[in-house]
Amino acid sequence: ASVEVLGYPFSGGQPRGGVDEGPEALVKAGLLDQLSALGWEVKFNSQAMNDVRELAVQEHDSGIGKMHKPLAVSAVNERVAADVAAIQERGALSLTLGGDHSLGMGTVAGTKRRFPEAALIWVDAHADINTPLTTDSGNLHGCPVSFLLGLEGTDVPPFNVWLQPCLRPEDIVYIGLRDIDDKEKRILRELGIKVFTMHDVDAHGIGRVMERVLAHVGAARPIHLSFDVDALDPTVAPSTGTPVRGGLTFREGHYIVEAIAETGNLVAVDIVEVNPALEDEASAAQTVAIGCSLSRAALGETLF
Ligand SMILES: N/C(=N\O)NCCC[NH3+]
Ligand SMILES: [Mn+2]
Ligand SMILES: [Mn+2]
Ligand SMILES: [Mn+2]
């Protein structure tokens, strides 16, 4: 079986430098060899990596409402969607290394072109479901899900040139939420979206939560996993742009991915928001190592 790895050095969805160094740090840590060692045929798309560096720089890129860098976020994600869809047309699994979580707009759109019935499991401290009208910060890494759902205010150029609403509320399940804006809470409730917060993880344990997540998803659907490393507790994954205390343990994070891998239905994985420039070198190395171990777990590495 083959996995095609995409590394997008993109930070335009949020204000902190360094998250664009995530892909290179993960590759430098030996991720591709680690995946080969699991028996996968591994391809890395270095052309896409270089192309996105250029797409990330757009002239006069401000001033569509409150959104920051809308032209860059749109241009990059248009490319991401095409790359991911092409990988899945070839029957390979797509592993996308970020870069910030605005990349989820493109990766999920790509998956949905090949697998319209795909389910989306969003592992994150945050819901990332603000719209251009509800966002306080204007940082588009807090908005990818609203664009995928086609919520009010997302049907705007240049996004609507390439992105059509492709996600239904029942398609997405969240795990790890603990920092949701009030307006996001309203959207989640109104749409009846399935949410497992850290409170649910505490109450039921990650094993039971995953039983419920996979029951909601169903046994026969392709799964797209979008994993924001800030879902993990900051003591576990410190080098990330918006850390929130009270997160998943190392094992809870890995159990989520192992349980999903066990279904055999995984078609796409995003590992995002690794920022090697944050905190100290040891913290960065620790966070990069977890990005690698989560990727290995997604591709079938088991403890026994
Ligand atoms: N890491 C973030 N999303 O996953 N930050 C943006 C969300 C803040 N409401
Ligand atoms: Mn996120
Ligand atoms: Mn997050
Ligand atoms: Mn602002």
# chains A, B, ... in the order shown; residues from 1 in each chain; ligands from 1
call {"tool": "residues_near_ligand", "arguments": {"ligand": "ligand 3", "cutoff": "7 Å", "atoms": "only C-alpha atoms and all ligand atoms", "output": "MDAnalysis selection string"}}
result
chainID A and resid 124:126 228 230:231 242
call {"tool": "residues_around", "arguments": {"residues": "segment 138-143 of chain A", "least_positions_apart": "6", "cutoff": "7 Å", "atoms": "only C-alpha atoms", "output": "PyMOL selection string"}}
result
chain A and resi 13-14+66-68+100-102+128-131
call {"tool": "write_last_selection", "arguments": {"atoms": "all heavy atoms", "output": "mmCIF file, in the first residue's frame"}}
result
data_model
loop_
_atom_site.group_PDB
_atom_site.id
_atom_site.type_symbol
_atom_site.label_atom_id
_atom_site.label_comp_id
_atom_site.auth_asym_id
_atom_site.auth_seq_id
_atom_site.Cartn_x
_atom_site.Cartn_y
_atom_site.Cartn_z
ATOM 1 N N GLY A 13 -2.631 31.099 8.080
ATOM 2 C CA GLY A 13 -3.920 31.037 8.784
ATOM 3 C C GLY A 13 -3.843 31.568 10.201
ATOM 4 O O GLY A 13 -4.859 31.594 10.916
ATOM 5 N N GLN A 14 -2.637 31.960 10.616
ATOM 6 C CA GLN A 14 -2.447 32.434 11.994
ATOM 7 C C GLN A 14 -1.208 33.298 12.078
ATOM 8 O O GLN A 14 -0.387 33.310 11.142
ATOM 9 C CB GLN A 14 -2.368 31.222 12.942
ATOM 10 C CG GLN A 14 -1.315 30.176 12.577
ATOM 11 C CD GLN A 14 0.064 30.559 13.046
ATOM 12 O OE1 GLN A 14 0.333 30.676 14.242
ATOM 13 N NE2 GLN A 14 1.011 30.728 12.108
ATOM 14 N N LYS A 66 -12.841 40.929 8.079
ATOM 15 C CA LYS A 66 -11.827 40.832 9.128
ATOM 16 C C LYS A 66 -10.771 39.776 8.809
ATOM 17 O O LYS A 66 -9.807 39.620 9.546
ATOM 18 C CB LYS A 66 -12.487 40.471 10.469
ATOM 19 C CG LYS A 66 -13.365 41.564 11.048
ATOM 20 C CD LYS A 66 -14.152 41.080 12.252
ATOM 21 C CE LYS A 66 -13.278 40.841 13.470
ATOM 22 N NZ LYS A 66 -14.114 40.503 14.656
ATOM 23 N N MET A 67 -10.954 39.065 7.700
ATOM 24 C CA MET A 67 -10.077 37.922 7.437
ATOM 25 C C MET A 67 -8.647 38.366 7.160
ATOM 26 O O MET A 67 -8.399 39.295 6.391
ATOM 27 C CB MET A 67 -10.612 37.137 6.226
ATOM 28 C CG MET A 67 -11.909 36.409 6.494
ATOM 29 S SD MET A 67 -12.322 35.285 5.136
ATOM 30 C CE MET A 67 -13.004 36.451 3.954
ATOM 31 N N HIS A 68 -7.700 37.670 7.796
ATOM 32 C CA HIS A 68 -6.288 37.920 7.515
ATOM 33 C C HIS A 68 -5.819 37.001 6.393
ATOM 34 O O HIS A 68 -6.143 35.823 6.370
ATOM 35 C CB HIS A 68 -5.448 37.648 8.767
ATOM 36 C CG HIS A 68 -5.733 38.594 9.882
ATOM 37 N ND1 HIS A 68 -5.749 39.965 9.717
ATOM 38 C CD2 HIS A 68 -6.038 38.382 11.180
ATOM 39 C CE1 HIS A 68 -6.029 40.547 10.868
ATOM 40 N NE2 HIS A 68 -6.209 39.616 11.770
ATOM 41 N N ASP A 100 -0.359 25.431 9.419
ATOM 42 C CA ASP A 100 -1.471 25.672 10.343
ATOM 43 C C ASP A 100 -2.743 24.973 9.864
ATOM 44 O O ASP A 100 -2.821 24.453 8.752
ATOM 45 C CB ASP A 100 -1.672 27.181 10.538
ATOM 46 C CG ASP A 100 -2.253 27.863 9.308
ATOM 47 O OD1 ASP A 100 -3.408 27.556 8.927
ATOM 48 O OD2 ASP A 100 -1.552 28.696 8.712
ATOM 49 N N HIS A 101 -3.779 25.010 10.706
ATOM 50 C CA HIS A 101 -4.967 24.197 10.445
ATOM 51 C C HIS A 101 -5.900 24.782 9.396
ATOM 52 O O HIS A 101 -6.888 24.148 9.037
ATOM 53 C CB HIS A 101 -5.751 23.966 11.745
ATOM 54 C CG HIS A 101 -6.344 22.587 11.817
ATOM 55 N ND1 HIS A 101 -6.863 22.065 12.984
ATOM 56 C CD2 HIS A 101 -6.501 21.628 10.873
ATOM 57 C CE1 HIS A 101 -7.331 20.850 12.755
ATOM 58 N NE2 HIS A 101 -7.118 20.556 11.488
ATOM 59 N N SER A 102 -5.568 25.969 8.846
ATOM 60 C CA SER A 102 -6.382 26.430 7.698
ATOM 61 C C SER A 102 -6.231 25.437 6.547
ATOM 62 O O SER A 102 -7.090 25.358 5.661
ATOM 63 C CB SER A 102 -5.944 27.835 7.264
ATOM 64 O OG SER A 102 -4.601 27.837 6.786
ATOM 65 N N ASP A 128 -12.599 25.341 15.352
ATOM 66 C CA ASP A 128 -12.216 25.853 14.033
ATOM 67 C C ASP A 128 -13.422 26.034 13.128
ATOM 68 O O ASP A 128 -13.328 25.794 11.920
ATOM 69 C CB ASP A 128 -11.181 24.919 13.380
ATOM 70 C CG ASP A 128 -9.875 24.879 14.176
ATOM 71 O OD1 ASP A 128 -9.740 25.667 15.127
ATOM 72 O OD2 ASP A 128 -9.005 24.051 13.853
ATOM 73 N N ILE A 129 -14.537 26.452 13.725
ATOM 74 C CA ILE A 129 -15.786 26.584 12.974
ATOM 75 C C ILE A 129 -16.305 28.019 12.965
ATOM 76 O O ILE A 129 -17.458 28.263 12.636
ATOM 77 C CB ILE A 129 -16.837 25.590 13.536
ATOM 78 C CG1 ILE A 129 -17.953 25.331 12.512
ATOM 79 C CG2 ILE A 129 -17.388 26.068 14.879
ATOM 80 C CD1 ILE A 129 -18.865 24.153 12.890
ATOM 81 N N ASN A 130 -15.429 28.987 13.245
ATOM 82 C CA ASN A 130 -15.822 30.379 13.074
ATOM 83 C C ASN A 130 -16.014 30.673 11.591
ATOM 84 O O ASN A 130 -15.385 30.048 10.720
ATOM 85 C CB ASN A 130 -14.752 31.321 13.641
ATOM 86 C CG ASN A 130 -14.995 31.621 15.108
ATOM 87 O OD1 ASN A 130 -16.067 32.114 15.480
ATOM 88 N ND2 ASN A 130 -14.018 31.301 15.942
ATOM 89 N N THR A 131 -16.912 31.638 11.311
ATOM 90 C CA THR A 131 -17.113 32.089 9.939
ATOM 91 C C THR A 131 -16.430 33.444 9.771
ATOM 92 O O THR A 131 -16.039 34.070 10.763
ATOM 93 C CB THR A 131 -18.618 32.261 9.625
ATOM 94 O OG1 THR A 131 -19.072 33.471 10.286
ATOM 95 C CG2 THR A 131 -19.428 31.069 10.112
#
call {"tool": "closest_residue", "arguments": {"among": "A:Pro234, A:Glu301, A:Ser46, A:Gly291", "to": "Leu31 of chain A", "atoms": "only C-alpha atoms"}}
result
A:Gly291
call {"tool": "residues_around", "arguments": {"residues": "Tyr8 of chain A", "least_positions_apart": "2", "cutoff": "8 Å", "atoms": "only C-alpha atoms", "output": "list in words"}}
result
Leu6, Phe10, Asp20, Pro23, Ala48, Met49, Val52, Arg53, Thr96, Leu97, Gly98 and Gly99 of chain A
call {"tool": "closest_residue", "arguments": {"among": "A:Asp61, A:Asp181, A:Asp171, A:Glu279", "to": "Lys112 of chain A", "atoms": "only C-alpha atoms"}}
result
A:Asp171
call {"tool": "closest_residue", "arguments": {"among": "A:Leu93, A:Ala72, A:Ala82, A:Ile121", "to": "Leu299 of chain A", "atoms": "only C-alpha atoms"}}
result
A:Leu93
call {"tool": "atom_distance", "arguments": {"atom1": "atom CA of Glu262 of chain A", "atom2": "atom CA of Val108 of chain A"}}
result
20.9 Å
call {"tool": "closest_residue", "arguments": {"among": "A:Pro70, A:Gly65, A:Pro144, A:Gly39", "to": "ligand 2", "atoms": "only C-alpha atoms and all ligand atoms"}}
result
A:Pro144
call {"tool": "residues_around", "arguments": {"residues": "Asn77 of chain A", "least_positions_apart": "2", "cutoff": "10 Å", "atoms": "only C-alpha atoms", "output": "list in words"}}
result
Tyr8, Phe10, Val52, Leu55, Ala56, Leu71, Ala72, Val73, Ser74, Ala75, Arg79, Val80, Ala81, Ala82, Asp83, Ser102, Leu103, Gly104, Met105, Gly106, Thr107, Val108, Ala109, Gly110, Phe159, Trp162 and Leu163 of chain A
call {"tool": "closest_residue", "arguments": {"among": "A:Arg168, A:His224, A:His216, A:Lys28", "to": "Gly7 of chain A", "atoms": "only C-alpha atoms"}}
result
A:Lys28
call {"tool": "closest_residue", "arguments": {"among": "A:Gln286, A:Ser146, A:Thr240, A:Thr135", "to": "ligand 4", "atoms": "only C-alpha atoms and all ligand atoms"}}
result
A:Thr135
call {"tool": "atom_distance", "arguments": {"atom1": "atom CA of Ile206 of chain A", "atom2": "atom CA of Ala92 of chain A"}}
result
28.9 Å
call {"tool": "select_by_dssp", "arguments": {"residues": "segment 6-158 of chain A", "states": "helix (DSSP H, G or I)", "output": "PyMOL selection string"}}
result
chain A and resi 19-28+31-37+46-55+70-89+101-114+140-142+144-149
call {"tool": "select_by_dssp", "arguments": {"residues": "segment 9-138 of chain A", "states": "strand (DSSP E)", "output": "PyMOL selection string"}}
result
chain A and resi 41-44+62-64+67-68+93-97+119-123
call {"tool": "write_last_selection", "arguments": {"atoms": "all heavy atoms", "output": "compact mmCIF listing (two decimals), in the first residue's frame"}}
result
# COMPACT_ATOMS: atom_id res chain seq x y z
N GLU A 41 4.88 1.95 0.90
CA GLU A 41 5.60 2.59 -0.19
C GLU A 41 5.35 4.08 -0.02
O GLU A 41 4.19 4.52 -0.02
CB GLU A 41 5.02 2.09 -1.53
CG GLU A 41 5.72 2.64 -2.76
CD GLU A 41 4.82 2.52 -4.01
OE1 GLU A 41 3.88 1.69 -3.97
OE2 GLU A 41 5.04 3.28 -4.97
N VAL A 42 6.41 4.85 0.19
CA VAL A 42 6.26 6.25 0.57
C VAL A 42 6.69 7.17 -0.57
O VAL A 42 7.77 7.01 -1.13
CB VAL A 42 7.11 6.57 1.82
CG1 VAL A 42 6.94 8.02 2.25
CG2 VAL A 42 6.74 5.63 2.97
N LYS A 43 5.83 8.13 -0.89
CA LYS A 43 6.19 9.18 -1.85
C LYS A 43 6.08 10.52 -1.13
O LYS A 43 5.15 10.74 -0.37
CB LYS A 43 5.22 9.18 -3.03
CG LYS A 43 5.54 8.19 -4.13
CD LYS A 43 4.64 8.47 -5.34
CE LYS A 43 4.44 7.22 -6.19
NZ LYS A 43 3.24 7.31 -7.05
N PHE A 44 7.06 11.42 -1.38
CA PHE A 44 6.99 12.76 -0.82
C PHE A 44 6.94 13.76 -1.96
O PHE A 44 7.78 13.71 -2.85
CB PHE A 44 8.20 13.03 0.09
CG PHE A 44 8.18 14.42 0.69
CD1 PHE A 44 7.25 14.74 1.68
CD2 PHE A 44 9.04 15.40 0.25
CE1 PHE A 44 7.20 16.01 2.24
CE2 PHE A 44 9.01 16.69 0.81
CZ PHE A 44 8.09 16.99 1.80
N SER A 62 -5.13 41.74 2.06
CA SER A 62 -5.83 42.06 3.31
C SER A 62 -7.17 42.69 2.94
O SER A 62 -7.38 43.10 1.81
CB SER A 62 -5.02 43.07 4.12
OG SER A 62 -4.96 44.29 3.39
N GLY A 63 -8.07 42.73 3.95
CA GLY A 63 -9.25 43.54 3.73
C GLY A 63 -10.43 42.88 3.06
O GLY A 63 -11.19 43.55 2.38
N ILE A 64 -10.57 41.57 3.21
CA ILE A 64 -11.91 41.03 2.95
C ILE A 64 -12.54 40.86 4.32
O ILE A 64 -12.27 39.89 5.02
CB ILE A 64 -11.87 39.68 2.20
CG1 ILE A 64 -11.06 39.79 0.91
CG2 ILE A 64 -13.30 39.21 1.91
CD1 ILE A 64 -11.04 38.50 0.10
N MET A 67 -10.95 39.07 7.70
CA MET A 67 -10.08 37.92 7.44
C MET A 67 -8.65 38.37 7.16
O MET A 67 -8.40 39.30 6.39
CB MET A 67 -10.61 37.14 6.23
CG MET A 67 -11.91 36.41 6.49
SD MET A 67 -12.32 35.29 5.14
CE MET A 67 -13.00 36.45 3.95
N HIS A 68 -7.70 37.67 7.80
CA HIS A 68 -6.29 37.92 7.51
C HIS A 68 -5.82 37.00 6.39
O HIS A 68 -6.14 35.82 6.37
CB HIS A 68 -5.45 37.65 8.77
CG HIS A 68 -5.73 38.59 9.88
ND1 HIS A 68 -5.75 39.97 9.72
CD2 HIS A 68 -6.04 38.38 11.18
CE1 HIS A 68 -6.03 40.55 10.87
NE2 HIS A 68 -6.21 39.62 11.77
N LEU A 93 -3.02 6.58 0.31
CA LEU A 93 -3.44 7.32 1.49
C LEU A 93 -2.71 8.65 1.48
O LEU A 93 -1.53 8.69 1.10
CB LEU A 93 -3.06 6.52 2.76
CG LEU A 93 -3.61 7.07 4.08
CD1 LEU A 93 -3.96 5.93 5.03
CD2 LEU A 93 -2.62 8.00 4.75
N SER A 94 -3.40 9.73 1.82
CA SER A 94 -2.71 11.03 1.83
C SER A 94 -2.40 11.45 3.26
O SER A 94 -3.26 11.42 4.13
CB SER A 94 -3.53 12.10 1.11
OG SER A 94 -4.52 12.62 1.95
N LEU A 95 -1.13 11.77 3.50
CA LEU A 95 -0.67 12.29 4.80
C LEU A 95 -0.18 13.71 4.59
O LEU A 95 0.78 13.94 3.87
CB LEU A 95 0.46 11.42 5.36
CG LEU A 95 1.19 11.95 6.60
CD1 LEU A 95 0.23 12.10 7.79
CD2 LEU A 95 2.35 11.03 6.97
N THR A 96 -0.90 14.67 5.19
CA THR A 96 -0.56 16.08 5.03
C THR A 96 0.07 16.61 6.30
O THR A 96 -0.50 16.48 7.38
CB THR A 96 -1.82 16.90 4.69
OG1 THR A 96 -2.35 16.46 3.44
CG2 THR A 96 -1.50 18.39 4.60
N LEU A 97 1.26 17.19 6.16
CA LEU A 97 1.99 17.76 7.29
C LEU A 97 1.88 19.28 7.23
O LEU A 97 2.25 19.89 6.22
CB LEU A 97 3.46 17.34 7.22
CG LEU A 97 3.75 15.84 7.05
CD1 LEU A 97 5.25 15.61 6.90
CD2 LEU A 97 3.16 15.03 8.19
N ALA A 119 -16.33 10.50 6.35
CA ALA A 119 -16.52 11.12 7.66
C ALA A 119 -15.25 11.88 8.03
O ALA A 119 -14.16 11.55 7.55
CB ALA A 119 -16.81 10.05 8.70
N LEU A 120 -15.40 12.91 8.84
CA LEU A 120 -14.28 13.75 9.28
C LEU A 120 -14.16 13.69 10.79
O LEU A 120 -15.11 14.05 11.50
CB LEU A 120 -14.49 15.19 8.82
CG LEU A 120 -13.52 16.25 9.32
CD1 LEU A 120 -12.06 15.94 8.93
CD2 LEU A 120 -13.94 17.63 8.78
N ILE A 121 -13.03 13.22 11.28
CA ILE A 121 -12.76 13.22 12.73
C ILE A 121 -11.75 14.32 13.00
O ILE A 121 -10.62 14.28 12.50
CB ILE A 121 -12.26 11.86 13.21
CG1 ILE A 121 -13.31 10.77 12.94
CG2 ILE A 121 -11.92 11.92 14.71
CD1 ILE A 121 -12.89 9.36 13.33
N TRP A 122 -12.18 15.35 13.72
CA TRP A 122 -11.39 16.57 13.97
C TRP A 122 -10.91 16.55 15.40
O TRP A 122 -11.70 16.76 16.32
CB TRP A 122 -12.26 17.80 13.69
CG TRP A 122 -11.54 19.10 13.48
CD1 TRP A 122 -11.13 19.97 14.47
CD2 TRP A 122 -11.18 19.71 12.24
NE1 TRP A 122 -10.53 21.06 13.91
CE2 TRP A 122 -10.53 20.94 12.54
CE3 TRP A 122 -11.31 19.34 10.88
CZ2 TRP A 122 -10.05 21.79 11.55
CZ3 TRP A 122 -10.84 20.18 9.89
CH2 TRP A 122 -10.20 21.39 10.23
N VAL A 123 -9.61 16.28 15.59
CA VAL A 123 -9.03 16.19 16.94
C VAL A 123 -8.32 17.50 17.22
O VAL A 123 -7.38 17.86 16.51
CB VAL A 123 -8.05 15.00 17.03
CG1 VAL A 123 -7.55 14.81 18.46
CG2 VAL A 123 -8.73 13.70 16.56
call {"tool": "atom_distance", "arguments": {"atom1": "atom CA of Pro238 of chain A", "atom2": "atom CA of Ala284 of chain A"}}
result
7.3 Å
call {"tool": "residues_around", "arguments": {"residues": "segment 201-203 of chain A", "least_positions_apart": "3", "cutoff": "9 Å", "atoms": "only C-alpha atoms", "output": "PDB file with C-alpha atoms, in the first residue's frame"}}
result
ATOM      1  CA  ILE A 175     -12.559  15.052  20.010  1.00  0.00           C
ATOM      2  CA  GLY A 176     -10.601  17.067  22.585  1.00  0.00           C
ATOM      3  CA  PHE A 196     -16.604  14.900  22.543  1.00  0.00           C
ATOM      4  CA  THR A 197     -14.969  17.518  24.776  1.00  0.00           C
ATOM      5  CA  MET A 198     -12.251  16.889  27.341  1.00  0.00           C
ATOM      6  CA  ILE A 206     -10.920   7.514  25.696  1.00  0.00           C
ATOM      7  CA  GLY A 207     -11.862   3.899  24.965  1.00  0.00           C
ATOM      8  CA  ARG A 208     -15.572   4.530  25.363  1.00  0.00           C
ATOM      9  CA  VAL A 209     -15.325   7.862  23.566  1.00  0.00           C
ATOM     10  CA  LEU A 248      -5.153  14.807  25.925  1.00  0.00           C
ATOM     11  CA  GLU A 252      -5.063   9.283  24.734  1.00  0.00           C
TER      12      GLU A 252
END
call {"tool": "residues_around", "arguments": {"residues": "Gly264 of chain A", "least_positions_apart": "4", "cutoff": "12 Å", "atoms": "only C-alpha atoms", "output": "list in words"}}
result
Leu93, Leu214, Ala219, Ala220, Arg221, Pro222, Ile223, His224, Val257, Glu258, Ala259, Ile260, Ala268, Ala298, Leu299 and Gly300 of chain A
call {"tool": "write_last_selection", "arguments": {"atoms": "all heavy atoms", "output": "compact mmCIF listing (two decimals), in the first residue's frame"}}
result
# COMPACT_ATOMS: atom_id res chain seq x y z
N LEU A 93 -3.02 6.58 0.31
CA LEU A 93 -3.44 7.32 1.49
C LEU A 93 -2.71 8.65 1.48
O LEU A 93 -1.53 8.69 1.10
CB LEU A 93 -3.06 6.52 2.76
CG LEU A 93 -3.61 7.07 4.08
CD1 LEU A 93 -3.96 5.93 5.03
CD2 LEU A 93 -2.62 8.00 4.75
N LEU A 214 -16.68 6.11 16.61
CA LEU A 214 -16.73 5.19 15.47
C LEU A 214 -18.13 4.68 15.22
O LEU A 214 -18.51 4.39 14.08
CB LEU A 214 -15.72 4.06 15.68
CG LEU A 214 -14.25 4.54 15.71
CD1 LEU A 214 -13.31 3.39 16.02
CD2 LEU A 214 -13.87 5.23 14.40
N ALA A 219 -19.37 1.87 10.22
CA ALA A 219 -18.28 0.91 9.99
C ALA A 219 -17.78 0.91 8.54
O ALA A 219 -16.72 0.37 8.25
CB ALA A 219 -18.74 -0.48 10.37
N ALA A 220 -18.53 1.53 7.64
CA ALA A 220 -18.15 1.33 6.24
C ALA A 220 -17.74 2.62 5.53
O ALA A 220 -17.60 2.66 4.31
CB ALA A 220 -19.31 0.70 5.48
N ARG A 221 -17.56 3.68 6.28
CA ARG A 221 -17.28 4.95 5.61
C ARG A 221 -15.79 5.28 5.62
O ARG A 221 -15.11 5.04 6.61
CB ARG A 221 -18.00 6.10 6.34
CG ARG A 221 -19.49 6.10 6.12
CD ARG A 221 -20.15 7.11 7.02
NE ARG A 221 -19.92 8.48 6.55
CZ ARG A 221 -20.26 9.56 7.26
NH1 ARG A 221 -20.75 9.40 8.48
NH2 ARG A 221 -20.08 10.76 6.77
N PRO A 222 -15.29 5.86 4.51
CA PRO A 222 -13.92 6.37 4.52
C PRO A 222 -13.80 7.44 5.61
O PRO A 222 -14.75 8.20 5.84
CB PRO A 222 -13.75 6.99 3.14
CG PRO A 222 -14.85 6.43 2.30
CD PRO A 222 -15.99 6.15 3.24
N ILE A 223 -12.64 7.46 6.28
CA ILE A 223 -12.42 8.42 7.36
C ILE A 223 -11.27 9.36 7.01
O ILE A 223 -10.19 8.91 6.59
CB ILE A 223 -12.11 7.69 8.69
CG1 ILE A 223 -13.31 6.86 9.15
CG2 ILE A 223 -11.70 8.70 9.78
CD1 ILE A 223 -13.02 5.96 10.36
N HIS A 224 -11.53 10.66 7.21
CA HIS A 224 -10.48 11.68 7.12
C HIS A 224 -10.20 12.13 8.56
O HIS A 224 -11.11 12.59 9.24
CB HIS A 224 -10.95 12.87 6.26
CG HIS A 224 -9.92 13.94 6.07
ND1 HIS A 224 -9.51 14.37 4.82
CD2 HIS A 224 -9.22 14.67 6.95
CE1 HIS A 224 -8.59 15.32 4.97
NE2 HIS A 224 -8.39 15.51 6.24
N VAL A 257 -5.80 7.68 17.44
CA VAL A 257 -5.29 7.40 16.10
C VAL A 257 -5.22 5.89 15.85
O VAL A 257 -5.58 5.39 14.79
CB VAL A 257 -3.91 8.07 15.92
CG1 VAL A 257 -3.35 7.79 14.54
CG2 VAL A 257 -4.03 9.57 16.14
N GLU A 258 -4.81 5.13 16.89
CA GLU A 258 -4.71 3.67 16.75
C GLU A 258 -6.09 3.07 16.49
O GLU A 258 -6.25 2.17 15.66
CB GLU A 258 -4.12 3.07 18.04
CG GLU A 258 -2.63 3.38 18.23
CD GLU A 258 -2.17 3.19 19.67
OE1 GLU A 258 -2.95 2.71 20.51
OE2 GLU A 258 -1.02 3.55 19.98
N ALA A 259 -7.10 3.58 17.20
CA ALA A 259 -8.46 3.05 17.04
C ALA A 259 -9.00 3.34 15.64
O ALA A 259 -9.68 2.51 15.03
CB ALA A 259 -9.38 3.66 18.11
N ILE A 260 -8.65 4.50 15.12
CA ILE A 260 -9.09 4.86 13.77
C ILE A 260 -8.34 4.00 12.74
O ILE A 260 -8.95 3.46 11.81
CB ILE A 260 -8.88 6.36 13.51
CG1 ILE A 260 -9.79 7.20 14.41
CG2 ILE A 260 -9.12 6.70 12.04
CD1 ILE A 260 -9.45 8.68 14.44
N ALA A 268 -7.25 9.59 4.72
CA ALA A 268 -6.46 10.84 4.75
C ALA A 268 -6.17 11.23 6.19
O ALA A 268 -7.03 11.07 7.07
CB ALA A 268 -7.22 11.97 4.07
N ALA A 298 -1.09 6.26 12.78
CA ALA A 298 -2.14 6.37 11.75
C ALA A 298 -1.90 5.37 10.63
O ALA A 298 -2.84 4.86 10.02
CB ALA A 298 -2.18 7.78 11.18
N LEU A 299 -0.63 5.06 10.39
CA LEU A 299 -0.28 4.13 9.31
C LEU A 299 -0.04 2.72 9.84
O LEU A 299 0.68 1.93 9.23
CB LEU A 299 0.92 4.67 8.53
CG LEU A 299 0.49 5.60 7.36
CD1 LEU A 299 -0.15 6.87 7.87
CD2 LEU A 299 1.65 5.90 6.45
N GLY A 300 -0.61 2.44 10.98
CA GLY A 300 -0.71 1.06 11.43
C GLY A 300 0.29 0.58 12.44
O GLY A 300 0.25 -0.59 12.82
